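Here's coords.pdb, which has PDB, C-alpha atoms and all ligand atoms:
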ATOM      1  CA  MET A   1      85.357 100.086 191.387
ATOM      2  CA  ALA A   2      84.866  96.372 190.803
ATOM      3  CA  ALA A   3      86.648  94.008 193.152
ATOM      4  CA  PHE A   4      88.452  90.986 191.802
ATOM      5  CA  ALA A   5      89.353  87.705 193.420
ATOM      6  CA  VAL A   6      91.995  85.256 192.389
ATOM      7  CA  ALA A   7      89.928  82.479 190.836
ATOM      8  CA  ALA A   8      92.857  80.260 190.083
ATOM      9  CA  ALA A   9      96.558  80.559 190.518
ATOM     10  CA  GLY A  10      99.044  78.243 188.973
ATOM     11  CA  ARG A  11     102.418  78.025 187.441
ATOM     12  CA  VAL A  12     102.681  78.364 183.697
ATOM     13  CA  MET A  13     105.404  75.881 183.011
ATOM     14  CA  THR A  14     107.783  76.393 180.147
ATOM     15  CA  ARG A  15     110.477  73.769 179.744
ATOM     16  CA  LEU A  16     113.984  74.112 178.346
ATOM     17  CA  HIS A  17     115.412  70.880 176.956
ATOM     18  CA  VAL A  18     119.189  70.772 176.600
ATOM     19  CA  LEU A  19     119.773  68.268 173.791
ATOM     20  CA  GLY A  20     123.537  68.782 173.554
ATOM     21  CA  SER A  21     126.174  71.486 173.182
ATOM     22  CA  GLY A  22     129.804  71.756 172.100
ATOM     23  CA  SER A  23     131.929  72.206 168.988
ATOM     24  CA  ALA A  24     130.473  68.998 167.484
ATOM     25  CA  GLY A  25     126.842  70.103 167.703
ATOM     26  CA  ASN A  26     124.345  72.311 169.529
ATOM     27  CA  ALA A  27     120.589  71.909 169.960
ATOM     28  CA  PHE A  28     118.046  73.073 172.544
ATOM     29  CA  ALA A  29     114.258  73.004 172.594
ATOM     30  CA  VAL A  30     111.727  75.236 174.357
ATOM     31  CA  GLU A  31     108.444  73.502 175.171
ATOM     32  CA  GLN A  32     105.125  75.019 176.108
ATOM     33  CA  ASP A  33     101.737  73.275 176.119
ATOM     34  CA  GLY A  34     103.060  70.379 174.068
ATOM     35  CA  CYS A  35     104.478  72.655 171.372
ATOM     36  CA  LEU A  36     108.222  72.914 170.668
ATOM     37  CA  LEU A  37     110.574  75.504 169.264
ATOM     38  CA  LEU A  38     113.981  74.105 168.352
ATOM     39  CA  LEU A  39     116.954  76.386 169.023
ATOM     40  CA  ASP A  40     119.726  75.342 166.646
ATOM     41  CA  ALA A  41     119.891  71.943 164.994
ATOM     42  CA  GLY A  42     123.632  71.332 164.928
ATOM     43  CA  PHE A  43     123.531  67.541 164.725
ATOM     44  CA  SER A  44     122.419  65.349 161.823
ATOM     45  CA  ALA A  45     118.638  65.259 161.388
ATOM     46  CA  ARG A  46     118.620  61.683 162.652
ATOM     47  CA  GLU A  47     120.658  62.586 165.737
ATOM     48  CA  VAL A  48     118.420  65.571 166.599
ATOM     49  CA  GLU A  49     115.381  63.267 166.389
ATOM     50  CA  ARG A  50     117.124  60.665 168.532
ATOM     51  CA  ARG A  51     117.927  63.269 171.180
ATOM     52  CA  LEU A  52     114.379  64.641 171.113
ATOM     53  CA  GLU A  53     113.063  61.116 171.603
ATOM     54  CA  SER A  54     115.410  60.525 174.528
ATOM     55  CA  ALA A  55     113.883  63.648 176.143
ATOM     56  CA  GLY A  56     110.401  62.210 175.567
ATOM     57  CA  LEU A  57     109.675  64.692 172.766
ATOM     58  CA  ALA A  58     108.294  64.135 169.276
ATOM     59  CA  GLY A  59     109.625  65.892 166.174
ATOM     60  CA  ARG A  60     106.088  66.462 164.888
ATOM     61  CA  ALA A  61     105.531  68.820 167.863
ATOM     62  CA  VAL A  62     108.235  71.195 166.530
ATOM     63  CA  ALA A  63     106.553  74.368 165.241
ATOM     64  CA  GLY A  64     109.730  76.101 164.110
ATOM     65  CA  ILE A  65     113.541  75.910 164.027
ATOM     66  CA  ALA A  66     115.379  79.053 165.155
ATOM     67  CA  LEU A  67     119.052  79.289 164.171
ATOM     68  CA  THR A  68     121.859  81.432 165.563
ATOM     69  CA  HIS A  69     124.045  81.013 162.440
ATOM     70  CA  GLU A  70     124.914  78.692 159.579
ATOM     71  CA  HIS A  71     127.977  76.868 160.964
ATOM     72  CA  GLY A  72     127.546  73.104 160.895
ATOM     73  CA  ASP A  73     127.620  72.698 164.674
ATOM     74  CA  HIS A  74     124.477  74.897 164.809
ATOM     75  CA  ALA A  75     122.606  74.199 161.571
ATOM     76  CA  ARG A  76     123.689  70.757 160.290
ATOM     77  CA  GLY A  77     120.253  69.101 160.470
ATOM     78  CA  ALA A  78     118.079  72.211 160.112
ATOM     79  CA  LEU A  79     116.940  72.086 156.475
ATOM     80  CA  ARG A  80     116.279  68.352 156.407
ATOM     81  CA  LEU A  81     114.250  68.598 159.620
ATOM     82  CA  ALA A  82     112.367  71.682 158.403
ATOM     83  CA  ARG A  83     111.275  69.712 155.321
ATOM     84  CA  ARG A  84     110.417  66.606 157.335
ATOM     85  CA  TRP A  85     108.295  68.526 159.862
ATOM     86  CA  SER A  86     107.017  71.249 157.458
ATOM     87  CA  ALA A  87     108.415  73.745 159.961
ATOM     88  CA  PRO A  88     109.741  77.231 159.140
ATOM     89  CA  VAL A  89     113.343  78.260 159.798
ATOM     90  CA  LEU A  90     113.699  81.448 161.842
ATOM     91  CA  CYS A  91     117.059  83.189 161.334
ATOM     92  CA  SER A  92     118.777  86.289 159.943
ATOM     93  CA  SER A  93     118.770  86.970 156.201
ATOM     94  CA  GLY A  94     122.533  86.423 156.086
ATOM     95  CA  THR A  95     122.259  83.016 157.743
ATOM     96  CA  TRP A  96     119.418  82.038 155.416
ATOM     97  CA  ASN A  97     121.397  83.010 152.313
ATOM     98  CA  ALA A  98     124.458  81.167 153.616
ATOM     99  CA  LEU A  99     122.266  78.066 153.923
ATOM    100  CA  GLY A 100     121.353  78.411 150.249
ATOM    101  CA  ALA A 101     117.870  79.917 150.775
ATOM    102  CA  PRO A 102     116.074  76.788 149.493
ATOM    103  CA  GLY A 103     112.691  77.531 147.928
ATOM    104  CA  ASP A 104     110.975  74.507 149.472
ATOM    105  CA  VAL A 105     111.545  75.614 153.103
ATOM    106  CA  ALA A 106     109.715  78.550 154.711
ATOM    107  CA  HIS A 107     111.954  81.265 156.162
ATOM    108  CA  GLN A 108     111.033  83.896 158.742
ATOM    109  CA  ARG A 109     113.545  86.699 159.131
ATOM    110  CA  VAL A 110     114.854  87.554 162.586
ATOM    111  CA  ALA A 111     116.654  90.858 163.122
ATOM    112  CA  TYR A 112     117.291  93.128 166.100
ATOM    113  CA  GLY A 113     113.940  94.653 166.999
ATOM    114  CA  VAL A 114     112.207  92.655 164.247
ATOM    115  CA  PRO A 115     111.106  89.426 165.937
ATOM    116  CA  ALA A 116     109.671  86.391 164.162
ATOM    117  CA  ARG A 117     106.632  84.576 165.535
ATOM    118  CA  VAL A 118     105.558  80.964 165.367
ATOM    119  CA  ALA A 119     102.933  79.104 167.438
ATOM    120  CA  GLY A 120     102.943  81.796 170.114
ATOM    121  CA  PHE A 121     106.742  81.826 170.463
ATOM    122  CA  VAL A 122     108.371  85.189 169.766
ATOM    123  CA  VAL A 123     111.999  85.041 168.611
ATOM    124  CA  ASP A 124     114.161  88.156 168.790
ATOM    125  CA  GLY A 125     117.828  88.424 167.878
ATOM    126  CA  ALA A 126     120.914  90.604 168.280
ATOM    127  CA  ALA A 127     124.081  90.545 166.184
ATOM    128  CA  THR A 128     127.083  88.765 167.683
ATOM    129  CA  ALA A 129     130.759  89.229 166.851
ATOM    130  CA  HIS A 130     131.611  85.918 165.148
ATOM    131  CA  ASP A 131     133.097  84.764 161.829
ATOM    132  CA  ALA A 132     129.776  83.828 160.186
ATOM    133  CA  ALA A 133     127.507  85.601 157.650
ATOM    134  CA  GLU A 134     125.077  87.320 160.038
ATOM    135  CA  PRO A 135     125.172  85.507 163.384
ATOM    136  CA  LEU A 136     122.684  86.273 166.144
ATOM    137  CA  ALA A 137     122.156  85.692 169.821
ATOM    138  CA  LEU A 138     118.490  84.769 170.299
ATOM    139  CA  CYS A 139     115.848  85.491 172.891
ATOM    140  CA  VAL A 140     112.666  83.405 172.870
ATOM    141  CA  THR A 141     109.548  84.551 174.676
ATOM    142  CA  ALA A 142     107.301  81.529 175.208
ATOM    143  CA  PRO A 143     103.482  81.810 175.110
ATOM    144  CA  GLY A 144     103.435  81.755 178.936
ATOM    145  CA  GLY A 145     105.767  84.759 179.089
ATOM    146  CA  ALA A 146     109.047  83.066 180.048
ATOM    147  CA  ARG A 147     112.103  84.585 178.349
ATOM    148  CA  ILE A 148     114.982  82.321 177.380
ATOM    149  CA  GLY A 149     118.188  83.787 175.960
ATOM    150  CA  VAL A 150     120.782  81.867 173.952
ATOM    151  CA  ALA A 151     124.197  83.351 173.176
ATOM    152  CA  TYR A 152     127.233  81.420 172.005
ATOM    153  CA  ASP A 153     129.956  81.660 169.404
ATOM    154  CA  LEU A 154     130.629  85.244 170.392
ATOM    155  CA  GLY A 155     134.053  86.719 170.880
ATOM    156  CA  ARG A 156     132.702  89.580 172.934
ATOM    157  CA  PRO A 157     129.191  90.531 173.991
ATOM    158  CA  THR A 158     128.022  93.469 171.888
ATOM    159  CA  VAL A 159     125.797  96.201 173.344
ATOM    160  CA  ALA A 160     122.865  94.701 171.416
ATOM    161  CA  VAL A 161     123.477  91.250 172.923
ATOM    162  CA  ARG A 162     123.655  92.676 176.448
ATOM    163  CA  HIS A 163     120.376  94.460 175.818
ATOM    164  CA  LEU A 164     118.688  91.389 174.321
ATOM    165  CA  LEU A 165     119.571  89.181 177.291
ATOM    166  CA  GLN A 166     118.165  91.495 179.949
ATOM    167  CA  LEU A 167     115.406  90.184 182.228
ATOM    168  CA  CYS A 168     115.580  86.603 180.978
ATOM    169  CA  ASP A 169     114.203  83.782 183.143
ATOM    170  CA  ALA A 170     116.852  81.450 181.727
ATOM    171  CA  ILE A 171     120.105  82.093 179.880
ATOM    172  CA  VAL A 172     122.118  79.638 177.799
ATOM    173  CA  LEU A 173     125.557  81.235 177.577
ATOM    174  CA  GLU A 174     128.844  80.193 176.071
ATOM    175  CA  ALA A 175     131.621  79.358 178.512
ATOM    176  CA  ASN A 176     133.998  78.060 175.880
ATOM    177  CA  HIS A 177     137.411  77.968 177.477
ATOM    178  CA  ASP A 178     139.444  78.453 180.582
ATOM    179  CA  GLU A 179     141.911  81.202 179.700
ATOM    180  CA  TYR A 180     144.898  79.426 181.287
ATOM    181  CA  MET A 181     144.043  76.071 179.671
ATOM    182  CA  LEU A 182     143.803  77.799 176.278
ATOM    183  CA  ARG A 183     147.172  79.533 176.808
ATOM    184  CA  VAL A 184     148.999  76.280 177.581
ATOM    185  CA  SER A 185     147.070  74.192 175.021
ATOM    186  CA  ASP A 186     148.770  72.607 172.016
ATOM    187  CA  TYR A 187     146.735  74.713 169.568
ATOM    188  CA  PRO A 188     148.982  76.724 167.201
ATOM    189  CA  PRO A 189     149.279  80.404 168.284
ATOM    190  CA  VAL A 190     147.098  81.578 165.382
ATOM    191  CA  VAL A 191     144.246  79.301 166.495
ATOM    192  CA  ARG A 192     144.618  80.366 170.135
ATOM    193  CA  GLN A 193     144.403  83.989 169.034
ATOM    194  CA  ARG A 194     141.322  83.311 166.934
ATOM    195  CA  ILE A 195     139.518  81.582 169.820
ATOM    196  CA  ALA A 196     140.387  84.349 172.307
ATOM    197  CA  GLY A 197     139.832  87.181 169.802
ATOM    198  CA  SER A 198     136.821  89.433 169.355
ATOM    199  CA  GLY A 199     135.327  87.129 166.676
ATOM    200  CA  GLY A 200     136.031  83.922 168.590
ATOM    201  CA  HIS A 201     134.555  82.436 171.748
ATOM    202  CA  LEU A 202     133.665  83.616 175.259
ATOM    203  CA  SER A 203     135.903  82.397 178.104
ATOM    204  CA  ASN A 204     134.615  81.223 181.498
ATOM    205  CA  ARG A 205     135.733  84.528 183.031
ATOM    206  CA  ALA A 206     134.037  86.609 180.337
ATOM    207  CA  ALA A 207     130.840  84.550 180.706
ATOM    208  CA  ALA A 208     130.885  85.128 184.478
ATOM    209  CA  GLU A 209     131.358  88.877 183.965
ATOM    210  CA  LEU A 210     128.459  89.081 181.530
ATOM    211  CA  LEU A 211     126.189  87.059 183.829
ATOM    212  CA  CYS A 212     127.020  89.356 186.748
ATOM    213  CA  GLU A 213     125.937  92.264 184.574
ATOM    214  CA  LEU A 214     122.707  90.510 183.506
ATOM    215  CA  TRP A 215     121.844  89.090 186.919
ATOM    216  CA  HIS A 216     118.423  89.886 188.397
ATOM    217  CA  GLU A 217     116.202  88.136 190.918
ATOM    218  CA  GLY A 218     114.027  86.546 188.242
ATOM    219  CA  LEU A 219     116.960  84.745 186.618
ATOM    220  CA  LEU A 220     116.088  81.138 187.502
ATOM    221  CA  LEU A 221     118.434  79.101 185.337
ATOM    222  CA  VAL A 222     121.855  79.484 183.725
ATOM    223  CA  VAL A 223     123.119  76.821 181.321
ATOM    224  CA  LEU A 224     126.793  77.074 180.373
ATOM    225  CA  ALA A 225     127.255  75.921 176.795
ATOM    226  CA  HIS A 226     129.743  75.268 173.981
ATOM    227  CA  LEU A 227     132.454  74.114 176.418
ATOM    228  CA  SER A 228     135.718  73.257 174.657
ATOM    229  CA  ARG A 229     136.805  69.663 175.145
ATOM    230  CA  ARG A 230     140.492  70.597 174.937
ATOM    231  CA  CYS A 231     140.588  73.919 176.768
ATOM    232  CA  ASN A 232     137.915  73.654 179.447
ATOM    233  CA  ALA A 233     136.561  71.428 182.183
ATOM    234  CA  GLU A 234     132.972  71.400 183.405
ATOM    235  CA  GLU A 235     134.090  71.936 187.012
ATOM    236  CA  ALA A 236     136.241  74.946 186.062
ATOM    237  CA  ALA A 237     133.420  76.625 184.113
ATOM    238  CA  LEU A 238     130.856  75.982 186.852
ATOM    239  CA  ALA A 239     133.186  77.160 189.635
ATOM    240  CA  THR A 240     134.123  80.395 187.848
ATOM    241  CA  VAL A 241     130.489  81.360 187.244
ATOM    242  CA  GLN A 242     129.196  80.117 190.617
ATOM    243  CA  ASN A 243     131.852  82.131 192.482
ATOM    244  CA  ALA A 244     130.977  85.293 190.612
ATOM    245  CA  LEU A 245     127.172  84.976 190.811
ATOM    246  CA  GLY A 246     127.304  83.623 194.380
ATOM    247  CA  LYS A 247     128.898  86.882 195.550
ATOM    248  CA  LEU A 248     125.805  88.691 194.297
ATOM    249  CA  GLY A 249     123.512  86.365 196.246
ATOM    250  CA  TRP A 250     122.110  84.602 193.178
ATOM    251  CA  MET A 251     120.061  81.530 194.187
ATOM    252  CA  GLY A 252     119.131  80.111 190.763
ATOM    253  CA  GLU A 253     120.139  76.832 189.155
ATOM    254  CA  LEU A 254     123.469  76.572 187.340
ATOM    255  CA  CYS A 255     124.469  73.707 185.068
ATOM    256  CA  ALA A 256     126.736  72.924 182.137
ATOM    257  CA  ALA A 257     125.451  71.422 178.886
ATOM    258  CA  THR A 258     127.386  68.403 177.653
ATOM    259  CA  GLN A 259     128.180  67.356 174.111
ATOM    260  CA  ALA A 260     127.182  63.735 174.371
ATOM    261  CA  GLY A 261     123.995  64.137 176.363
ATOM    262  CA  PRO A 262     121.820  62.637 177.750
ATOM    263  CA  ALA A 263     119.243  65.360 177.200
ATOM    264  CA  ARG A 264     118.303  67.257 180.347
ATOM    265  CA  SER A 265     115.136  69.242 180.947
ATOM    266  CA  TYR A 266     114.476  72.216 183.201
ATOM    267  CA  GLY A 267     111.161  73.740 184.206
ATOM    268  CA  ILE A 268     110.944  77.508 184.096
ATOM    269  CA  GLY A 269     107.860  78.405 186.098
ATOM    270  CA  ARG A 270     106.027  81.711 186.184
ATOM    271  CA  MET A 271     103.059  82.415 188.414
ATOM    272  CA  ALA A 272      99.904  83.095 186.450
ATOM    273  CA  TYR A 273      96.638  84.330 187.936
ATOM    274  CA  ASP A 274      93.154  84.142 186.506
ATOM    275  CA  LEU A 275      91.116  87.035 187.867
ATOM    276  CA  GLU A 276      87.329  87.143 188.073
ATOM    277  CA  PRO A 277      84.954  89.588 189.804
ATOM    278  CA  ALA A 278      84.536  88.858 193.539
ATOM    279  CA  PRO A 279      81.049  87.422 194.348
ATOM    280  CA  ASN A 280      79.823  90.473 196.305
ATOM    281  CA  ALA A 281      81.434  93.124 194.191
ATOM    282  CA  SER A 282      79.245  95.833 192.785
ATOM    283  CA  PRO A 283      79.908  96.656 189.181
ATOM    284  CA  GLY A 284      81.445  99.942 188.505
TER     285      GLY A 284
HETATM  286 ZN    ZN B 301     130.118  79.359 164.715
HETATM  287 ZN    ZN B 302     129.651  76.826 167.413
END
Let me see whether you can do it: turn the structure in this file into structure tokens.
Ligand SMILES: [Zn+2]
Ligand SMILES: [Zn+2]
Amino acid sequence: MAAFAVAAAGRVMTRLHVLGSGSAGNAFAVEQDGCLLLLDAGFSAREVERRLESAGLAGRAVAGIALTHEHGDHARGALRLARRWSAPVLCSSGTWNALGAPGDVAHQRVAYGVPARVAGFVVDGAATAHDAAEPLALCVTAPGGARIGVAYDLGRPTVAVRHLLQLCDAIVLEANHDEYMLRVSDYPPVVRQRIAGSGGHLSNRAAAELLCELWHEGLLLVVLAHLSRRCNAEEAALATVQNALGKLGWMGELCAATQAGPARSYGIGRMAYDLEPAPNASPG
């Protein structure tokens, strides 16, 4: 049997850029080897470009735009940017039709078990419970192998979403509201019910429960997203999730995405080894 030696070992570095998140707009970018995949484009095209620039990124490096659903806070700038960058839009058929299915923009369908591929990024999706045409949670596998899950605007995590988000290196998860703050908020009862209902948004407690279910030793980063300005506080969301994951001994990085920015970037490293035959090894 041939012997092999580690010729080179290094970290394959994938980066997650948090451009902004909240009810006024959501956008993230996954970067690998100078190539970008945008995850949602829920600001104006100009604002997405401004936020990319502030993270030191160039729009022309965007190979594709993956969308969770058609609501403005997730897709506002998507079509204009897709045209500007000649980039395809990766989303469900329902989302694409709800966006008007323009003939001058390339579309790649994403469905559960039917991933779309662009520039080495693989984008898989799972249906979420939300009041949109065909909303998805997304999981991106970067060319270096890192898996990044994104799930927000979901009233409850479906079985498919729980399955999709397994064994991720990083998870962007909605922690929309503190249940007590929502209960005592000045929203009319019908709105409170919609937010807390099965087609609404995930609370801090529900996010913590889901993360405890998804937790594994390779989970390096959790980004809490889509925090409500009226019914949540960053400290409350972070404390709820940290308490729950801390009890399990999780040692990863936890942060909360903000609406206004500035953009923040996180490295998601994976060890990669190049193997070559050892000098004295006999073939066989
Ligand atoms: Zn939505
Ligand atoms: Zn939203």
Just want the residues within 9 Å of ligand ZN 301 (chain B), written as a list in words, counting all atoms listed in the file.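 Within the 9 Å cut-off, the matching residues are Ser23, Thr68, His69, Glu70, His71, Gly72, Asp73, His74, His130, Asp131, Ala132, Pro135, Tyr152, Asp153, Leu154, Gly200 and His201 of chain A.
Put simply, CA of Tyr112 (chain A) is 16.5 Å away from CA of Leu167 (chain A).
Take CA of Leu182 (chain A) and CA of Cys231 (chain A): the distance between them is 5.1 Å.
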Under the PyMOL selection byres (((chain A and resi 99-105) around 12) and not hetatm), which residues of this model are included? Write them out as an MDAnalysis selection string. chainID A and resid 64:65 67 69:72 74:98 106:109 132:134
Min atom-atom distance to ligand ZN 302 (chain B) from the set A:Pro157, A:Pro189, A:Gly120, A:Gly199, counting only C-alpha atoms and all ligand atoms, belongs to A:Gly199
Centre and edges of the region 217-233 of chain A box, axis-aligned, 8 Å extra per side, as lines of an AutoDock Vina configuration file:
center_x = 127.3
center_y = 78.9
center_z = 182.4
size_x = 42.6
size_y = 34.5
size_z = 32.9
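Comparing the minimum interatomic distances between Cys212 (chain A) and each of A:Leu245, A:Val191, A:Ala129, A:Ala239, counting only C-alpha atoms, we find that A:Leu245 sits nearest.
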In terms of the shortest atom-to-atom distance over all atoms listed in the file, which of A:Ala225, A:Leu52, A:Asp40, A:Arg15 is closest to Ala27 (chain A)? A:Asp40
Could you list the residues chosen by the PyMOL selection byres (((chain A and resi 139) around 9) and not hetatm) in this structure as a PyMOL selection string? chain A and resi 122-126+137-138+140-141+147-151+164-165+168+171
Mind dumping the selected residues with C-alpha atoms as a short mmCIF file (atom, residue, chain, number, x, y, z; two decimals), keeping the file's coordinate frame?
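Output saved as out_39.cif:
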data_model
loop_
_atom_site.label_atom_id
_atom_site.label_comp_id
_atom_site.auth_asym_id
_atom_site.auth_seq_id
_atom_site.Cartn_x
_atom_site.Cartn_y
_atom_site.Cartn_z
CA VAL A 122 108.37 85.19 169.77
CA VAL A 123 112.00 85.04 168.61
CA ASP A 124 114.16 88.16 168.79
CA GLY A 125 117.83 88.42 167.88
CA ALA A 126 120.91 90.60 168.28
CA ALA A 137 122.16 85.69 169.82
CA LEU A 138 118.49 84.77 170.30
CA VAL A 140 112.67 83.40 172.87
CA THR A 141 109.55 84.55 174.68
CA ARG A 147 112.10 84.58 178.35
CA ILE A 148 114.98 82.32 177.38
CA GLY A 149 118.19 83.79 175.96
CA VAL A 150 120.78 81.87 173.95
CA ALA A 151 124.20 83.35 173.18
CA LEU A 164 118.69 91.39 174.32
CA LEU A 165 119.57 89.18 177.29
CA CYS A 168 115.58 86.60 180.98
CA ILE A 171 120.10 82.09 179.88
#
Kindly indicate which residue among A:Gly42, A:Pro262, A:Gly144, A:Gly249 lies nearest to His216 (chain A), using only C-alpha atoms for the distances.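 Of A:Gly42, A:Pro262, A:Gly144, A:Gly249, the one nearest His216 (chain A) is A:Gly249, counting only C-alpha atoms.
What the PyMOL selection byres (((chain A and resi 63) around 7) and not hetatm) grabs from this file is A:Cys35, A:Leu36, A:Leu37, A:Ala61, A:Val62, A:Gly64, A:Ala87, A:Val118, A:Ala119.
Taking CA of Ser21 (chain A) as the reference point, CA of Arg51 (chain A) is found at 11.8 Å.
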Can you list, as a list in words, every protein, DNA or RNA residue that comes within 8 Å of region 252-254 of chain A when you count all atoms listed in the file, leaving out same-chain residues fewer than 6 positions away?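 The contact residues come out as Leu219, Leu220, Leu221, Val222, Val223, Leu224, Leu238 and Gln242 of chain A.
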With distances taken over only C-alpha atoms and all ligand atoms, which residue among A:Gly155, A:Gly246, A:Gly113, A:Gly145 lies nearest ligand ZN 302 (chain B)? A:Gly155
Since the input has fewer atoms than a full residue there, write region 226-238 of chain A out with N, CA and C atoms, as a compact mmCIF listing (two decimals), in the coordinates of the input.
# COMPACT_ATOMS: atom_id res chain seq x y z
N HIS A 226 128.64 75.23 174.95
CA HIS A 226 129.74 75.27 173.98
C HIS A 226 131.10 75.16 174.68
N LEU A 227 131.19 74.31 175.70
CA LEU A 227 132.45 74.11 176.42
C LEU A 227 133.45 73.39 175.51
N SER A 228 134.67 73.90 175.44
CA SER A 228 135.72 73.26 174.66
C SER A 228 136.18 71.98 175.35
N ARG A 229 136.34 70.92 174.54
CA ARG A 229 136.80 69.66 175.14
C ARG A 229 138.29 69.74 175.49
N ARG A 230 139.04 70.55 174.73
CA ARG A 230 140.49 70.60 174.94
C ARG A 230 140.91 71.68 175.92
N CYS A 231 140.13 72.75 175.99
CA CYS A 231 140.59 73.92 176.77
C CYS A 231 139.62 74.29 177.89
N ASN A 232 138.82 73.34 178.35
CA ASN A 232 137.92 73.65 179.45
C ASN A 232 137.59 72.38 180.21
N ALA A 233 137.06 72.53 181.38
CA ALA A 233 136.56 71.43 182.18
C ALA A 233 135.27 71.92 182.82
N GLU A 234 134.29 71.02 182.88
CA GLU A 234 132.97 71.40 183.40
C GLU A 234 133.11 72.04 184.79
N GLU A 235 133.95 71.44 185.64
CA GLU A 235 134.09 71.94 187.01
C GLU A 235 134.65 73.36 187.02
N ALA A 236 135.62 73.62 186.11
CA ALA A 236 136.24 74.95 186.06
C ALA A 236 135.23 75.99 185.63
N ALA A 237 134.42 75.67 184.61
CA ALA A 237 133.42 76.62 184.11
C ALA A 237 132.38 76.90 185.20
N LEU A 238 131.89 75.82 185.82
CA LEU A 238 130.86 75.98 186.85
C LEU A 238 131.39 76.78 188.04
